[in-house]
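Source file protein-v8.cif; content: mmCIF, C-alpha atoms.
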data_data
#
loop_
_atom_site.label_atom_id
_atom_site.label_comp_id
_atom_site.auth_asym_id
_atom_site.auth_seq_id
_atom_site.Cartn_x
_atom_site.Cartn_y
_atom_site.Cartn_z
CA MET A 177 -1.84 -7.57 -34.68
CA ALA A 178 -3.25 -7.07 -31.18
CA ARG A 179 -0.99 -7.58 -28.19
CA ARG A 180 -2.75 -9.73 -25.61
CA TRP A 181 -2.29 -9.25 -21.89
CA ALA A 182 -4.21 -10.48 -18.86
CA ILE A 183 -4.31 -9.19 -15.30
CA ASN A 184 -4.29 -11.58 -12.36
CA GLY A 185 -7.59 -10.89 -10.56
CA ARG A 186 -6.96 -12.97 -7.45
CA PHE A 187 -6.88 -9.73 -5.42
CA LEU A 188 -10.66 -9.50 -5.79
CA THR A 189 -11.03 -12.45 -3.41
CA GLN A 190 -8.95 -10.76 -0.67
CA PRO A 191 -9.71 -8.13 1.99
CA VAL A 192 -8.74 -4.64 0.84
CA THR A 193 -5.45 -3.58 2.41
CA GLY A 194 -2.76 -1.42 0.83
CA VAL A 195 -1.70 -4.15 -1.60
CA GLN A 196 -5.23 -4.76 -2.88
CA ARG A 197 -5.85 -1.00 -3.07
CA TYR A 198 -2.77 -0.80 -5.28
CA ALA A 199 -4.12 -3.48 -7.61
CA ARG A 200 -7.55 -1.87 -7.89
CA GLU A 201 -6.14 1.58 -8.64
CA ILE A 202 -3.56 0.34 -11.17
CA VAL A 203 -6.26 -1.66 -12.98
CA SER A 204 -8.55 1.39 -13.08
CA ALA A 205 -5.73 3.61 -14.37
CA LEU A 206 -4.78 1.06 -17.01
CA ASP A 207 -8.41 0.87 -18.09
CA ASP A 208 -8.52 4.65 -18.53
CA LEU A 209 -5.33 4.60 -20.61
CA VAL A 210 -6.57 1.80 -22.84
CA ALA A 211 -9.98 3.48 -23.24
CA CYS A 212 -8.41 6.79 -24.32
CA ASN A 213 -6.10 5.03 -26.80
CA HIS A 214 -2.86 6.03 -25.08
CA PRO A 215 0.10 5.54 -27.48
CA LEU A 216 1.49 2.71 -25.33
CA ALA A 217 -1.92 0.99 -25.31
CA ARG A 218 -2.57 0.92 -29.05
CA GLU A 219 -3.35 -2.57 -30.36
CA LEU A 220 -3.43 -3.75 -26.75
CA ASP A 221 -6.11 -6.25 -25.75
CA VAL A 222 -6.39 -6.55 -21.95
CA GLU A 223 -8.64 -8.71 -19.81
CA LEU A 224 -8.97 -9.13 -16.06
CA ILE A 225 -9.15 -12.82 -15.15
CA VAL A 226 -11.01 -13.37 -11.88
CA PRO A 227 -12.27 -16.36 -9.89
CA CYS A 228 -15.99 -16.91 -10.36
CA ASP A 229 -16.72 -16.16 -6.70
CA SER A 230 -14.70 -12.93 -6.50
CA SER A 231 -16.03 -9.60 -5.28
CA ALA A 232 -17.14 -6.87 -7.65
CA PRO A 233 -14.26 -5.48 -9.75
CA PRO A 234 -13.72 -1.77 -10.36
CA ALA A 235 -15.96 -0.24 -13.03
CA LEU A 236 -14.10 -0.78 -16.30
CA ARG A 237 -14.65 0.58 -19.81
CA ALA A 238 -11.99 -1.09 -21.95
CA ILE A 239 -10.66 -4.05 -19.97
CA GLN A 240 -12.84 -7.12 -20.32
CA ILE A 241 -13.60 -9.32 -17.31
CA HIS A 242 -13.13 -13.07 -17.69
CA ALA A 243 -14.39 -15.32 -14.87
CA ALA A 244 -12.55 -18.62 -14.63
CA GLY A 245 -12.84 -21.30 -11.98
CA ALA A 246 -13.63 -21.00 -8.29
CA GLY A 247 -11.53 -20.46 -5.23
CA GLY A 248 -8.98 -17.69 -5.48
CA GLY A 249 -6.15 -19.02 -3.36
CA HIS A 250 -2.70 -20.13 -4.43
CA ALA A 251 -4.17 -23.24 -6.07
CA TRP A 252 -6.33 -21.10 -8.39
CA GLU A 253 -3.41 -18.82 -9.15
CA GLN A 254 -0.98 -21.63 -9.96
CA ALA A 255 -3.27 -24.14 -11.68
CA VAL A 256 -6.39 -22.39 -13.04
CA LEU A 257 -5.23 -18.93 -14.02
CA PRO A 258 -2.38 -19.93 -16.40
CA ALA A 259 -4.75 -21.97 -18.58
CA HIS A 260 -6.71 -18.80 -19.38
CA VAL A 261 -3.79 -16.52 -20.20
CA GLY A 262 -3.30 -16.16 -23.95
CA GLY A 263 -0.41 -13.71 -23.93
CA GLY A 264 1.35 -11.84 -21.14
CA LEU A 265 0.23 -11.66 -17.51
CA LEU A 266 0.37 -8.79 -15.03
CA SER A 267 0.24 -9.78 -11.33
CA LEU A 268 0.01 -6.87 -8.91
CA CYS A 269 -0.15 -8.44 -5.42
CA ASN A 270 3.17 -10.17 -4.69
CA THR A 271 2.39 -13.60 -6.12
CA GLY A 272 1.60 -15.18 -9.47
CA PRO A 273 1.87 -18.42 -11.45
CA LEU A 274 5.34 -19.89 -11.79
CA VAL A 275 4.68 -21.56 -15.14
CA LEU A 276 4.41 -18.30 -17.10
CA ARG A 277 7.51 -16.50 -18.32
CA LYS A 278 5.81 -13.63 -20.13
CA HIS A 279 4.88 -12.23 -16.76
CA ILE A 280 5.30 -8.94 -14.90
CA VAL A 281 4.86 -9.42 -11.15
CA CYS A 282 4.76 -6.67 -8.54
CA ILE A 283 6.52 -7.67 -5.32
CA HIS A 284 5.79 -4.85 -2.90
CA ASP A 285 8.45 -5.49 -0.29
CA ALA A 286 10.75 -7.99 1.38
CA ASN A 287 9.12 -7.64 4.79
CA THR A 288 8.96 -11.39 5.38
CA ARG A 289 12.78 -11.30 5.37
CA VAL A 290 13.24 -7.96 7.13
CA HIS A 291 10.69 -8.50 9.90
CA PRO A 292 9.75 -12.21 9.94
CA ALA A 293 8.04 -11.99 13.35
CA SER A 294 5.10 -10.24 11.68
CA TYR A 295 4.20 -13.36 9.71
CA SER A 296 3.31 -16.97 10.43
CA ILE A 297 5.95 -19.62 9.83
CA ALA A 298 3.87 -21.08 6.99
CA PHE A 299 3.46 -17.71 5.28
CA ARG A 300 7.08 -16.66 5.44
CA THR A 301 8.25 -20.13 4.40
CA LEU A 302 6.02 -19.93 1.33
CA TYR A 303 7.25 -16.45 0.43
CA ARG A 304 10.89 -17.40 1.00
CA ALA A 305 10.49 -20.03 -1.73
CA LEU A 306 7.93 -18.40 -4.03
CA LEU A 307 9.23 -14.86 -4.40
CA PRO A 308 12.77 -15.70 -5.60
CA ALA A 309 11.29 -18.28 -7.97
CA LEU A 310 8.99 -15.65 -9.43
CA GLY A 311 11.87 -13.20 -9.61
CA THR A 312 13.81 -15.71 -11.66
CA VAL A 313 11.01 -16.83 -14.00
CA ALA A 314 9.11 -13.60 -14.63
CA SER A 315 10.14 -11.26 -17.44
CA ARG A 316 10.06 -8.20 -15.19
CA VAL A 317 9.62 -7.53 -11.47
CA ALA A 318 7.84 -4.36 -10.36
CA THR A 319 7.97 -2.84 -6.92
CA VAL A 320 6.69 0.31 -5.24
CA SER A 321 9.81 2.18 -4.09
CA HIS A 322 13.53 2.33 -4.68
CA HIS A 323 13.97 1.15 -1.11
CA SER A 324 12.01 -2.01 -1.91
CA ALA A 325 13.99 -2.47 -5.12
CA ASP A 326 17.21 -2.43 -3.13
CA GLN A 327 15.81 -5.02 -0.74
CA LEU A 328 14.66 -7.33 -3.53
CA VAL A 329 18.20 -7.28 -4.89
CA ALA A 330 19.85 -7.66 -1.46
CA PHE A 331 17.79 -10.76 -0.61
CA GLY A 332 18.30 -12.37 -4.01
CA ILE A 333 14.63 -12.08 -4.98
CA SER A 334 15.33 -10.34 -8.30
CA ALA A 335 18.20 -9.17 -10.44
CA ARG A 336 18.52 -5.39 -10.55
CA GLU A 337 18.11 -5.21 -14.34
CA LYS A 338 14.66 -6.82 -14.16
CA ILE A 339 13.20 -4.34 -11.69
CA LEU A 340 10.92 -1.40 -12.45
CA VAL A 341 9.56 0.98 -9.82
CA ALA A 342 5.84 1.82 -10.06
CA PRO A 343 4.84 3.61 -6.83
CA ASP A 344 1.44 4.00 -5.24
CA GLY A 345 -0.62 7.04 -6.23
CA HIS A 346 -2.62 9.66 -4.37
CA GLU A 347 -5.65 10.35 -6.58
CA HIS A 348 -8.00 7.90 -4.86
CA ALA A 349 -7.88 9.92 -1.61
CA LEU A 350 -9.10 12.99 -3.53
CA ARG A 351 -12.25 11.03 -4.34
CA TRP A 352 -13.06 10.38 -0.69
CA SER A 353 -15.98 12.42 0.66
CA PRO A 354 -15.23 13.25 4.31
CA ALA A 355 -18.17 12.19 6.48
CA HIS A 356 -17.96 11.64 10.22
CA SER A 357 -19.53 8.77 12.08
CA PRO A 358 -20.47 9.53 15.70
CA ALA A 359 -17.25 7.78 16.80
CA THR A 360 -14.91 9.71 14.50
CA ARG A 361 -16.62 13.02 15.30
CA GLN A 362 -15.97 12.40 18.97
CA ALA A 363 -12.38 11.31 18.34
CA ALA A 364 -11.24 14.08 15.98
CA GLY A 365 -9.70 17.28 17.22
CA PRO A 366 -6.55 19.41 17.40
CA ASP A 367 -5.18 17.26 20.23
CA THR A 368 -5.75 13.91 18.48
CA VAL A 369 -2.97 11.75 17.03
CA VAL A 370 -4.30 9.25 14.48
CA ILE A 371 -2.66 5.88 13.93
CA ILE A 372 -3.65 3.11 11.53
CA GLY A 373 -3.83 -0.07 13.56
CA SER A 374 -2.49 -3.46 12.56
CA ARG A 375 -1.59 -6.66 14.35
CA ALA A 376 1.72 -6.90 12.49
CA PRO A 377 4.67 -6.17 14.81
CA HIS A 378 6.54 -4.33 12.06
CA LYS A 379 3.82 -1.66 12.09
CA ASN A 380 5.02 -0.76 15.62
CA ILE A 381 1.65 0.66 16.68
CA GLY A 382 2.42 -0.35 20.26
CA LEU A 383 5.02 2.42 20.47
CA ILE A 384 2.33 5.11 20.25
CA VAL A 385 -0.32 3.25 22.29
CA GLY A 386 2.33 2.61 24.94
CA MET A 387 2.82 6.38 25.27
CA ALA A 388 -0.75 6.85 26.52
CA GLN A 389 0.27 8.09 29.95
CA LYS A 390 2.82 10.58 28.57
CA LEU A 391 0.35 11.80 25.96
CA ASN A 392 -2.43 12.14 28.53
CA ALA A 393 -0.19 14.34 30.68
CA GLN A 394 0.14 16.69 27.68
CA GLY A 395 -3.57 16.70 26.88
CA LEU A 396 -3.09 14.51 23.80
CA ARG A 397 -5.12 11.49 22.82
CA VAL A 398 -4.78 8.67 20.30
CA ALA A 399 -7.39 7.51 17.80
CA VAL A 400 -6.65 4.01 16.52
CA ALA A 401 -8.27 3.30 13.17
CA GLY A 402 -8.40 -0.19 11.73
CA MET A 403 -8.35 -2.20 14.93
CA SER A 404 -10.94 -2.37 17.70
CA ASP A 405 -9.46 -5.02 19.98
CA ALA A 406 -7.02 -3.48 22.45
CA ARG A 407 -6.04 -6.97 23.61
CA VAL A 408 -3.73 -7.37 20.63
CA PHE A 409 -1.32 -5.18 22.63
CA ALA A 410 -1.23 -7.58 25.53
CA ALA A 411 2.21 -6.41 26.68
CA SER A 412 0.86 -2.90 27.27
CA GLN A 413 -2.68 -3.71 28.35
CA ALA A 414 -2.71 -1.03 31.04
CA ASP A 415 -1.74 1.65 28.55
CA ALA A 416 -4.45 0.49 26.13
CA GLU A 417 -7.06 1.07 28.86
CA TRP A 418 -6.24 4.77 29.22
CA PRO A 419 -9.27 6.95 28.44
CA ASN A 420 -7.26 8.95 25.90
CA VAL A 421 -6.82 5.87 23.66
CA LEU A 422 -9.86 5.58 21.38
CA TRP A 423 -10.36 2.33 19.48
CA LEU A 424 -12.42 3.11 16.35
CA GLY A 425 -12.25 -0.17 14.47
CA ARG A 426 -12.25 -0.38 10.71
CA LEU A 427 -13.38 2.89 9.11
CA ALA A 428 -14.94 3.69 5.76
CA ASP A 429 -12.83 5.90 3.51
CA GLY A 430 -15.00 8.95 4.16
CA GLU A 431 -14.81 8.46 7.93
CA LEU A 432 -11.02 8.16 7.78
CA ALA A 433 -10.80 11.31 5.63
CA ALA A 434 -12.89 13.31 8.10
CA LEU A 435 -10.83 12.05 11.04
CA LEU A 436 -7.50 12.89 9.41
CA GLN A 437 -8.55 16.34 8.24
CA GLU A 438 -9.67 17.38 11.73
CA SER A 439 -6.87 15.86 13.84
CA LEU A 440 -3.39 16.96 14.85
CA CYS A 441 -1.51 14.49 12.68
CA LEU A 442 -1.06 10.93 11.48
CA ALA A 443 1.63 8.97 13.32
CA PHE A 444 3.23 6.19 11.28
CA PRO A 445 5.97 4.53 13.37
CA SER A 446 6.59 1.48 11.16
CA PHE A 447 9.85 -0.46 11.17
CA ALA A 448 9.38 -1.74 7.62
CA GLU A 449 7.29 -0.50 4.68
CA GLY A 450 7.40 -1.16 0.97
CA PHE A 451 5.82 2.25 0.39
CA GLY A 452 3.67 3.59 3.24
CA LEU A 453 0.34 4.46 1.60
CA PRO A 454 -1.40 5.84 4.74
CA ALA A 455 1.21 8.61 4.96
CA LEU A 456 0.55 9.57 1.33
CA GLU A 457 -3.22 9.53 1.88
CA ALA A 458 -2.88 11.77 4.92
CA MET A 459 -0.70 14.27 3.05
CA THR A 460 -3.21 14.31 0.19
CA LEU A 461 -5.97 15.20 2.64
CA GLY A 462 -4.01 18.01 4.30
CA CYS A 463 -3.12 16.12 7.47
CA PRO A 464 0.47 16.55 8.74
CA VAL A 465 2.41 13.32 9.19
CA VAL A 466 5.02 12.16 11.67
CA VAL A 467 6.72 9.07 10.31
CA SER A 468 9.49 6.65 11.08
CA ASP A 469 12.94 7.64 9.84
CA GLN A 470 13.49 4.12 8.49
CA SER A 471 12.52 1.99 5.50
CA SER A 472 10.84 3.64 2.49
CA LEU A 473 9.23 6.50 4.42
CA PRO A 474 11.97 9.14 3.97
CA GLU A 475 11.96 8.36 0.23
CA VAL A 476 8.19 8.76 -0.02
CA CYS A 477 7.66 11.72 2.31
CA GLY A 478 10.78 13.79 1.58
CA ASP A 479 10.68 17.19 3.33
CA ALA A 480 6.92 16.98 3.87
CA ALA A 481 7.00 15.11 7.19
CA LEU A 482 8.50 15.16 10.65
CA TYR A 483 10.68 12.14 11.40
CA ALA A 484 11.36 10.16 14.56
CA SER A 485 13.10 6.90 15.38
CA PRO A 486 10.69 3.98 15.77
CA PHE A 487 12.59 3.10 18.95
CA ASP A 488 12.34 6.51 20.66
CA SER A 489 8.96 7.44 22.17
CA ASP A 490 10.28 10.76 23.49
CA ALA A 491 11.16 11.83 19.94
CA TRP A 492 7.58 11.16 18.84
CA LEU A 493 6.16 13.14 21.74
CA ALA A 494 8.44 16.06 20.87
CA CYS A 495 7.16 16.02 17.28
CA PHE A 496 3.52 16.02 18.40
CA LEU A 497 4.12 18.95 20.74
CA ARG A 498 5.93 20.91 18.02
CA LEU A 499 3.04 20.44 15.64
CA ARG A 500 0.51 21.55 18.22
CA SER A 501 2.42 24.66 19.30
CA ASP A 502 3.89 25.85 15.99
CA VAL A 503 1.07 26.96 13.67
CA ARG A 504 3.49 28.02 10.95
CA LEU A 505 5.21 24.62 10.93
CA ARG A 506 1.85 22.91 10.69
CA GLU A 507 0.79 25.05 7.73
CA GLU A 508 4.13 24.45 5.98
CA LEU A 509 3.83 20.69 6.41
CA ILE A 510 0.29 20.68 5.06
CA ALA A 511 1.38 22.60 1.95
CA ARG A 512 4.49 20.48 1.45
CA GLY A 513 2.47 17.32 2.00
CA ARG A 514 -0.05 18.14 -0.70
CA SER A 515 2.76 19.03 -3.14
CA ARG A 516 4.67 15.87 -2.28
CA ALA A 517 1.60 13.65 -2.65
CA ALA A 518 0.89 15.09 -6.10
CA LEU A 519 4.19 13.61 -7.31
CA TYR A 520 2.75 10.10 -6.89
CA SER A 521 0.19 9.22 -9.54
CA TRP A 522 -1.66 6.01 -10.34
CA ARG A 523 -1.72 7.15 -13.98
CA LYS A 524 2.07 7.55 -14.07
CA SER A 525 2.55 4.11 -12.55
CA ALA A 526 0.07 2.59 -15.01
CA GLU A 527 2.09 4.17 -17.83
CA THR A 528 5.20 2.54 -16.35
CA TYR A 529 3.44 -0.82 -16.59
CA LEU A 530 2.35 -0.14 -20.18
CA GLU A 531 5.94 0.67 -21.12
CA ALA A 532 7.17 -2.54 -19.46
CA MET A 533 4.49 -4.57 -21.26
CA SER A 534 5.60 -3.04 -24.57
CA GLN A 535 9.23 -3.91 -23.82
CA VAL A 536 8.33 -7.50 -22.94
CA ASP A 537 6.33 -7.82 -26.16
CA ALA A 538 9.23 -6.42 -28.18
CA ALA A 539 11.66 -8.89 -26.58
CA ALA A 540 9.26 -11.76 -27.35
CA ARG A 541 9.07 -10.70 -31.02
CA GLU A 542 12.87 -10.63 -31.24
CA ARG A 543 13.09 -14.16 -29.88
CA ALA A 544 10.39 -15.45 -32.28
#
Spit out the file's structure as structure tokens when you get a sec.
Amino acid sequence: MARRWAINGRFLTQPVTGVQRYAREIVSALDDLVACNHPLARELDVELIVPCDSSAPPALRAIQIHAAGAGGGHAWEQAVLPAHVGGGLLSLCNTGPLVLRKHIVCIHDANTRVHPASYSIAFRTLYRALLPALGTVASRVATVSHHSADQLVAFGISAREKILVAPDGHEHALRWSPAHSPATRQAAGPDTVVIIGSRAPHKNIGLIVGMAQKLNAQGLRVAVAGMSDARVFAASQADAEWPNVLWLGRLADGELAALLQESLCLAFPSFAEGFGLPALEAMTLGCPVVVSDQSSLPEVCGDAALYASPFDSDAWLACFLRLRSDVRLREELIARGRSRAALYSWRKSAETYLEAMSQVDAAARERA
């Protein structure tokens, strides 16, 4: 008898950030495993349930697409989606319907608790209520790092015995074809520090932008990818106007790959991360990384990165100068980075989900 599972396709109505990238890559990897008749996928019938007005899904061979209802917000997820689930449900982007118990939900982090200032009052109030409820009702709770697993337990979001760790993977960055735009060609270079911009305070991008004068004195510049409006750093407006701070806006994957491969390093000074996918992408592409010594980043990057406190701008400057002056260190970090990135695989994480789905099915048969 076939085992029936559905995947929550609400992510296809959302802008693609790290969480949505995770969902797309896990779905694609699951599709490959089902298509090649992986032992854990035998007799498994999987469909991706999406709102009718969602964006194009990944190209799939074995997973069927089922369009159901319009919208795509919480109302669709809580009221429309459950009516179309005939077995188990896999939700990959933090939220899911509360009425289903045969449910595996991936909660990427507890950042709304750790760094609430990054989120609106309405958003963090919703997550404060919804995530622990999901953690209680769902059969299993996935997350992307052991650091995040510890936080989910510490904040009472999930019991330890329910949690499985299914990290992000690196393979998608290998598919990127580096291709400069005029802006990234101008920005890239051996004296360029790349940062991935975000409005969220926990990303701590202002630390690096606020170093503009110090960096300029050393002949270093900053290329900010993902954000074009310097006014979001109102407290350091003068620093943002330095000519060595280049605001590139949102980049295509190929543009980002070209920028990273031809720059000094990626700087990732975050206070709080569930995983830290940009650091993994940079390592995959052969770009050295300097990352925060907090949160999940030491777990993910291991000995393949330089570390600095997210509170200490002088420590970040010292790392940048070391990388620029020490060719051997740079080469070692590139080699270590590629080896470290290869440890993280979308296929491995998809296999982790298949195993969890099999365990949930087995438990359901025992109860029947």
For the interface of segment 308-399 of chain A with segment 524-535 of chain A (cut-off 12 Å, counting all atoms listed in the file), please tabulate each contacting residue of segment 308-399 of chain A alongside its nearest pair of atoms and their separation in Å to one decimal, rows sorted by chain and increasing number, as CSV.
residue,atom,partner,partner_atom,distance
A:Ser315,CA,A:Ala532,CA,9.4
A:Arg316,CA,A:Ala532,CA,7.7
A:Val317,CA,A:Ala532,CA,9.7
A:Ala318,CA,A:Tyr529,CA,8.4
A:Thr319,CA,A:Ser525,CA,10.5
A:Val320,CA,A:Ser525,CA,9.2
A:Ser321,CA,A:Ser525,CA,11.3
A:Lys338,CA,A:Ala532,CA,10.1
A:Ile339,CA,A:Ala532,CA,10.0
A:Leu340,CA,A:Thr528,CA,8.0
A:Val341,CA,A:Thr528,CA,8.0
A:Ala342,CA,A:Ser525,CA,4.7
A:Pro343,CA,A:Ser525,CA,6.2
A:Asp344,CA,A:Ser525,CA,7.4
A:Gly345,CA,A:Ser525,CA,7.7
A:His346,CA,A:Lys524,CA,11.0
A:Glu347,CA,A:Lys524,CA,11.1
Those residues you just picked out, can you put them in a file as a PDB file, in the coordinates of the input with C-alpha atoms?
ATOM      1  CA  SER A 315      10.140 -11.260 -17.440  1.00  0.00           C
ATOM      2  CA  ARG A 316      10.060  -8.200 -15.190  1.00  0.00           C
ATOM      3  CA  VAL A 317       9.620  -7.530 -11.470  1.00  0.00           C
ATOM      4  CA  ALA A 318       7.840  -4.360 -10.360  1.00  0.00           C
ATOM      5  CA  THR A 319       7.970  -2.840  -6.920  1.00  0.00           C
ATOM      6  CA  VAL A 320       6.690   0.310  -5.240  1.00  0.00           C
ATOM      7  CA  SER A 321       9.810   2.180  -4.090  1.00  0.00           C
ATOM      8  CA  LYS A 338      14.660  -6.820 -14.160  1.00  0.00           C
ATOM      9  CA  ILE A 339      13.200  -4.340 -11.690  1.00  0.00           C
ATOM     10  CA  LEU A 340      10.920  -1.400 -12.450  1.00  0.00           C
ATOM     11  CA  VAL A 341       9.560   0.980  -9.820  1.00  0.00           C
ATOM     12  CA  ALA A 342       5.840   1.820 -10.060  1.00  0.00           C
ATOM     13  CA  PRO A 343       4.840   3.610  -6.830  1.00  0.00           C
ATOM     14  CA  ASP A 344       1.440   4.000  -5.240  1.00  0.00           C
ATOM     15  CA  GLY A 345      -0.620   7.040  -6.230  1.00  0.00           C
ATOM     16  CA  HIS A 346      -2.620   9.660  -4.370  1.00  0.00           C
ATOM     17  CA  GLU A 347      -5.650  10.350  -6.580  1.00  0.00           C
TER      18      GLU A 347
END
message: One decimal, in Å: what's the spacing between atom CA of Ala434 of chain A and atom CA of Asp469 of chain A?
response: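 Value for the atom CA of Ala434 of chain A-atom CA of Asp469 of chain A distance: 26.5 Å.
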query: For Ile510 of chain A, which of A:Ser357, A:Gln437, A:Gln394, A:Gln389 is the closest residue, counting all atoms listed in the file?
result: A:Gln437
- prompt: Between atom CA of His250 of chain A and atom CA of Pro308 of chain A, what is the spacing in Å?
  reply: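 So the answer is 16.1 Å.
Using all atoms listed in the file, the nearest neighbour of Pro258 of chain A within the list A:Lys278, A:Lys390, A:Arg512, A:Arg543 is A:Lys278.
For the file at hand, the PyMOL selection byres ((chain A and resi 185) around 7) resolves to A:Ile183, A:Asn184, A:Arg186, A:Phe187, A:Leu188, A:Leu224, A:Ile225, A:Val226.
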Can you write just those residues out, C-alpha atoms, as a PDB file, in the coordinates of the input?
ATOM      1  CA  ILE A 183      -4.310  -9.190 -15.300  1.00  0.00           C
ATOM      2  CA  ASN A 184      -4.290 -11.580 -12.360  1.00  0.00           C
ATOM      3  CA  ARG A 186      -6.960 -12.970  -7.450  1.00  0.00           C
ATOM      4  CA  PHE A 187      -6.880  -9.730  -5.420  1.00  0.00           C
ATOM      5  CA  LEU A 188     -10.660  -9.500  -5.790  1.00  0.00           C
ATOM      6  CA  LEU A 224      -8.970  -9.130 -16.060  1.00  0.00           C
ATOM      7  CA  ILE A 225      -9.150 -12.820 -15.150  1.00  0.00           C
ATOM      8  CA  VAL A 226     -11.010 -13.370 -11.880  1.00  0.00           C
TER       9      VAL A 226
END
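Our summary of the geometry notes that atom CA of Ala494 of chain A is positioned 15.8 Å from atom CA of Val370 of chain A.
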Test item: residues at most 12 Å from Met459 of chain A, all atoms listed in the file, excluding those fewer than 3 positions along its chain, as a PyMOL selection string: chain A and resi 345-347+349-350+433+436-437+441-443+452-456+462-467+476-482+506-520
Which centre and edge lengths in Å to one decimal define the box along x, y and z that fits every listed atom of segment 269-284 of chain A plus 5 Å per side, as JSON?
{"center_x": 3.7, "center_y": -13.2, "center_z": -11.5, "size_x": 17.7, "size_y": 26.7, "size_z": 27.2}
- request: I need the residue set behind the PyMOL selection byres ((chain A and resi 334) around 9) for this file; please write it as a PyMOL selection string.
  value: chain A and resi 307-312+316-317+325+328-333+335-339
message: Nearest residue to Trp492 of chain A out of A:Thr460, A:Asn420, A:Val385, A:Ala211, using only C-alpha atoms?
response: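 Residue with the minimum atom-to-atom distance to Trp492 of chain A: A:Val385.
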Minimum-distance residue to Trp423 of chain A, chosen among A:Leu302, A:Ala259, A:Leu206, A:Val398 (using all atoms listed in the file): A:Val398
message: Let me make sure I understand: among A:Val503, A:Ala298, A:Arg523, A:Asp367, which one has the smallest atom-to-atom distance to Tyr198 of chain A if we use all atoms listed in the file?
response: A:Arg523
Given the PyMOL selection byres ((chain A and resi 400) around 9), the residues it picks as a list in words: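 In the shown coordinates, the PyMOL selection byres ((chain A and resi 400) around 9) covers Val369, Val370, Ile371, Ile372, Gly373, Ile381, Val385, Val398, Ala399, Ala401, Gly402, Met403, Ser404, Val421, Leu422, Trp423, Leu424 and Gly425 of chain A.
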- prompt: Using only C-alpha atoms, which residues sit within 12 Å of Thr288 of chain A once same-chain residues fewer than 3 positions away are excluded, as JSON, numbers by chain?
  reply: {"A": [270, 283, 284, 285, 291, 292, 293, 294, 295, 296, 297, 298, 299, 300, 301, 302, 303, 304, 305, 306, 307, 327, 328, 331, 333, 376, 377, 378, 448, 449, 450]}
- request: Write out as a list in words each polymer residue whose atoms come within 7 Å of Leu268 of chain A, counting all atoms listed in the file; drop sequence neighbours fewer than 3 positions from it.
  value: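 These residues fall inside the cut-off: Ala199, Val281 and Cys282 of chain A.
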task: Would you please work out which residue, of A:Gln190, A:Asp537, A:Leu383, A:Arg397, is nearest to Ser468 of chain A when using only C-alpha atoms?
output: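 The shortest atom-to-atom distance to Ser468 of chain A comes from A:Leu383.
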Protein/DNA/RNA residues near (-13.6, -21.2, -6.2), cut 12 Å, only C-alpha atoms, as JSON, numbers by chain: {"A": [186, 189, 226, 227, 228, 229, 230, 231, 243, 244, 245, 246, 247, 248, 249, 250, 251, 252, 253, 256, 257]}
